[in-house]
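Encoded as structure tokens, the structure appears first; notes follow it.
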Amino acid sequence: MKEELAVYIKELSKSFKKFIAVDKINLKIPKGKIYGLLGPNGSGKSTTIRMLCGVLTPSEGEGSVLGFDICKESEKIKQNIGYMSQKFSLYEDLTVYENLDFYSSIYSLPNHLKKERINELINMAGLQGKEKVITKNLSGGWKQRLALGCSLIHKPSLLILDEPTSAVDPVSRRIFWELIHNLAKQGITIIVTTHYMDEAESCDEIAFMFSGKILAKGTPKELIKNRKCKNLEDVFISYVQEQTGEKVQSSFNEMKFIHNKEGEQK
Ligand SMILES: Nc1ncnc2c1ncn2[C@@H]1O[C@H](COP(=O)(O)OP(=O)(O)OP(=O)(O)O)[C@@H](O)[C@H]1O
């Protein structure tokens, strides 16, 4: 049912002049799920996310995020979601505590709730003992967890993560994903874009984007089983080959195609 969905979008498109960046996509994301948006560079993931966050007006289509209309109620969407990108949006010269305090002011958290909420997030992110450290002196993994804390300061029920782990080491990626799973267990819906197949496999559902379209969606297990492939990377490559009629030479992430001189596949 529609009200059980955190995100519902129908035939959503975005064009920049004549270029179609997102082409009639449909998504239904149930509350409390971790939903992965996958696709090579330029496939339309960030444009989709920007429309879901209410910062970019769709050219066509309709939809709602947390029950708010994406075309008419973008301000309400912005107030009710958490967003974190690979750039982290932290103030490097402020301490860990001051960054959280700053975000609590942006979201107008009442003074009597501030301290408690900041302490909750410091515990959630494992940042105890680092409250007074200047942010620029933190490693990438710590900055990432602080950025996650800042994005949760107003207790959003939907968290949108745009390539959150692309700037951190493998150990930090694993710790970060443990935090994400804990948040989902608390009922927070999570939408995450990623290039990493292991991350895609730990999502409840995924959609694979290519050239602005969604080529396939479902649970990782379903997709692998239905396509009779050994892993998700092979599933996606097989969909791209079917769509383009060309052979994919390299990994999903780079998507290089093999042509012969006549433009036919080798
Ligand atoms: N404001 C804009 N004006 C013109 N073209 C744009 C604009 N924003 C995005 N595009 C184009 O739309 C396409 C999709 O971009 P988008 O950033 O959504 O892809 P992506 O899948 O998020 O890729 P990446 O992983 O590199 O961020 C790209 O070809 C991009 O150049």
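Identifiers for the structure tokens are assigned positionally: chains receive A, B, ... in sequence, residues are indexed from 1 per chain, and ligands are indexed from 1 in the order shown.
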
At most 12 Å is the cut-off: for each residue in chain A with any atom that close to an atom of ligand 1, write down the nearest atom pair and the distance in Å rounded to one decimal, counting only C-alpha atoms and all ligand atoms, chain first then increasing number, as a tab-separated table.
residue	atom	partner	partner_atom_place_in_ligand_line	distance
A:Ser13	CA	ligand 1	12 (O)	11.3
A:Lys14	CA	ligand 1	12 (O)	8.6
A:Ser15	CA	ligand 1	5 (N)	7.9
A:Phe16	CA	ligand 1	4 (C)	5.0
A:Lys17	CA	ligand 1	4 (C)	7.6
A:Lys18	CA	ligand 1	4 (C)	9.4
A:Phe19	CA	ligand 1	5 (N)	7.0
A:Ile20	CA	ligand 1	12 (O)	7.2
A:Ala21	CA	ligand 1	12 (O)	4.2
A:Val22	CA	ligand 1	14 (C)	7.2
A:Asp23	CA	ligand 1	14 (C)	10.4
A:Leu37	CA	ligand 1	21 (O)	9.0
A:Leu38	CA	ligand 1	21 (O)	7.9
A:Gly39	CA	ligand 1	21 (O)	5.9
A:Pro40	CA	ligand 1	25 (O)	6.0
A:Asn41	CA	ligand 1	26 (O)	3.6
A:Gly42	CA	ligand 1	19 (O)	3.4
A:Ser43	CA	ligand 1	21 (O)	3.7
A:Gly44	CA	ligand 1	18 (O)	3.2
A:Lys45	CA	ligand 1	21 (O)	3.9
A:Ser46	CA	ligand 1	22 (O)	3.6
A:Thr47	CA	ligand 1	18 (O)	3.7
A:Thr48	CA	ligand 1	18 (O)	6.4
A:Ile49	CA	ligand 1	18 (O)	7.9
A:Arg50	CA	ligand 1	18 (O)	8.3
A:Met51	CA	ligand 1	18 (O)	10.0
A:Val55	CA	ligand 1	1 (N)	11.5
A:Leu56	CA	ligand 1	1 (N)	9.3
A:Thr57	CA	ligand 1	1 (N)	11.4
A:Ser85	CA	ligand 1	27 (O)	10.4
A:Gln86	CA	ligand 1	27 (O)	10.1
A:Lys87	CA	ligand 1	27 (O)	11.9
A:Leu161	CA	ligand 1	22 (O)	11.8
A:Asp162	CA	ligand 1	22 (O)	8.3
A:Glu163	CA	ligand 1	25 (O)	7.9
A:Pro164	CA	ligand 1	25 (O)	11.6
A:Ser166	CA	ligand 1	25 (O)	10.4
A:Val192	CA	ligand 1	22 (O)	11.4
A:Thr193	CA	ligand 1	22 (O)	8.2
A:Thr194	CA	ligand 1	25 (O)	8.1
A:His195	CA	ligand 1	25 (O)	7.8
A:Tyr196	CA	ligand 1	25 (O)	11.5
A:Phe208	CA	ligand 1	21 (O)	10.1
A:Met209	CA	ligand 1	21 (O)	7.5
A:Phe210	CA	ligand 1	21 (O)	7.9
A:Ser211	CA	ligand 1	14 (C)	7.7
A:Gly212	CA	ligand 1	14 (C)	6.8
A:Lys213	CA	ligand 1	21 (O)	10.4
A:Ile214	CA	ligand 1	21 (O)	11.3
A:Phe252	CA	ligand 1	25 (O)	12.0
A:Asn253	CA	ligand 1	25 (O)	9.1
A:Glu254	CA	ligand 1	25 (O)	10.5

Write out as a list in words which residues come within 9 Å of A:Gly54 when counting only C-alpha atoms, dropping same-chain ones fewer than 6 positions away.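 After dropping sequence-adjacent residues, the list is Val65, Ile70, Cys71, Glu73, Ser74, Glu75, Lys76, Ile77 and Lys78 of chain A.
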
Please give the complete set of residues from stretch 149-266 of chain A that DSSP, run on the backbone, assigns to helix (DSSP H, G or I), formatted as a CSV table (one decimal) with C-alpha atoms, in the first residue's frame.
chain,number,residue,atom,x,y,z
A,149,GLY,CA,25.8,11.6,12.8
A,150,CYS,CA,25.2,15.1,11.5
A,151,SER,CA,22.8,13.8,8.9
A,170,PRO,CA,37.7,-1.2,3.5
A,171,VAL,CA,37.6,-1.5,7.4
A,172,SER,CA,35.8,1.8,7.7
A,173,ARG,CA,33.4,0.7,4.9
A,174,ARG,CA,32.5,-2.4,7.0
A,175,ILE,CA,32.0,-0.4,10.2
A,176,PHE,CA,29.9,2.1,8.3
A,177,TRP,CA,27.7,-0.7,6.9
A,178,GLU,CA,27.2,-2.2,10.4
A,179,LEU,CA,25.9,1.2,11.5
A,180,ILE,CA,23.6,1.4,8.4
A,181,HIS,CA,22.1,-2.0,9.2
A,182,ASN,CA,21.5,-0.9,12.9
A,183,LEU,CA,19.7,2.2,11.7
A,184,ALA,CA,17.5,0.1,9.4
A,185,LYS,CA,16.7,-2.2,12.3
A,197,MET,CA,29.1,-5.0,-5.4
A,198,ASP,CA,29.6,-6.3,-1.9
A,199,GLU,CA,27.6,-3.3,-0.6
A,200,ALA,CA,24.9,-3.9,-3.2
A,201,GLU,CA,24.6,-7.5,-2.0
A,220,PRO,CA,20.0,-9.4,-4.8
A,221,LYS,CA,19.2,-13.1,-4.4
A,222,GLU,CA,16.2,-12.9,-6.8
A,223,LEU,CA,18.2,-11.0,-9.4
A,224,ILE,CA,21.1,-13.6,-9.3
A,225,LYS,CA,18.7,-16.5,-9.4
A,226,ASN,CA,16.4,-15.2,-12.2
A,227,ARG,CA,19.4,-14.3,-14.4
A,232,LEU,CA,25.4,-9.3,-9.2
A,233,GLU,CA,28.2,-7.9,-11.4
A,234,ASP,CA,27.4,-10.6,-14.0
A,235,VAL,CA,23.7,-9.9,-13.6
A,236,PHE,CA,24.1,-6.3,-14.4
A,237,ILE,CA,26.5,-6.9,-17.3
A,238,SER,CA,24.1,-9.3,-18.8
A,239,TYR,CA,21.3,-6.7,-18.6
A,240,VAL,CA,23.5,-4.0,-20.2
A,241,GLN,CA,24.5,-6.4,-23.0
A,242,GLU,CA,20.9,-7.2,-23.6
A,243,GLN,CA,20.0,-3.5,-23.7
A,244,THR,CA,22.8,-2.3,-25.9

Once DSSP has gone over the backbone, tell me which residues of stretch 121-182 of chain A are in strand (DSSP E or B), as a PyMOL selection string. chain A and resi 134+158-162

Keeping only C-alpha atoms, write the selected residues to a file as a PDB file, in the first residue's frame.
ATOM      1  CA  ILE A 134      39.343  19.206  15.256  1.00  0.00           C
ATOM      2  CA  LEU A 158      14.598   8.413   5.549  1.00  0.00           C
ATOM      3  CA  LEU A 159      18.346   8.611   5.093  1.00  0.00           C
ATOM      4  CA  ILE A 160      19.810   9.160   1.628  1.00  0.00           C
ATOM      5  CA  LEU A 161      23.449   8.255   1.137  1.00  0.00           C
ATOM      6  CA  ASP A 162      25.107   9.208  -2.157  1.00  0.00           C
TER       7      ASP A 162
END

Shell of 10 Å around A:His154, only C-alpha atoms, local chain residues under 2 positions omitted, as a list in words: Gln79, Asn80, Ile81, Gly82, Tyr103, Ser104, Ser105, Ile106, Tyr107, Ser108, Leu109, Lys114, Arg117, Gly149, Cys150, Ser151, Leu152, Pro156 and Ser157 of chain A

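One distance worth recording is that between atom CA of A:Thr219 and atom CA of A:Tyr83, which is 23.5 Å.
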
So that I can check the surroundings of A:Ser64, please list as a compact mmCIF listing (two decimals) with N, CA and C atoms, in the first residue's frame every protein, DNA and RNA residue that reaches within 6 Å of it, counting only C-alpha atoms and ignoring chain neighbours fewer than 5 positions away.
# COMPACT_ATOMS: atom_id res chain seq x y z
N VAL A 7 9.13 5.74 -0.34
CA VAL A 7 9.28 6.42 -1.64
C VAL A 7 8.40 5.74 -2.67
N TYR A 8 7.71 6.57 -3.42
CA TYR A 8 6.89 6.05 -4.51
C TYR A 8 7.08 7.00 -5.68
N ASP A 69 4.60 15.21 -1.65
CA ASP A 69 4.68 15.26 -3.11
C ASP A 69 6.04 15.84 -3.56
N ILE A 70 6.72 15.14 -4.45
CA ILE A 70 8.08 15.61 -4.80
C ILE A 70 8.08 16.90 -5.62

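Note that atom CA of A:Met124 and atom CA of A:Glu4 are 26.7 Å apart.
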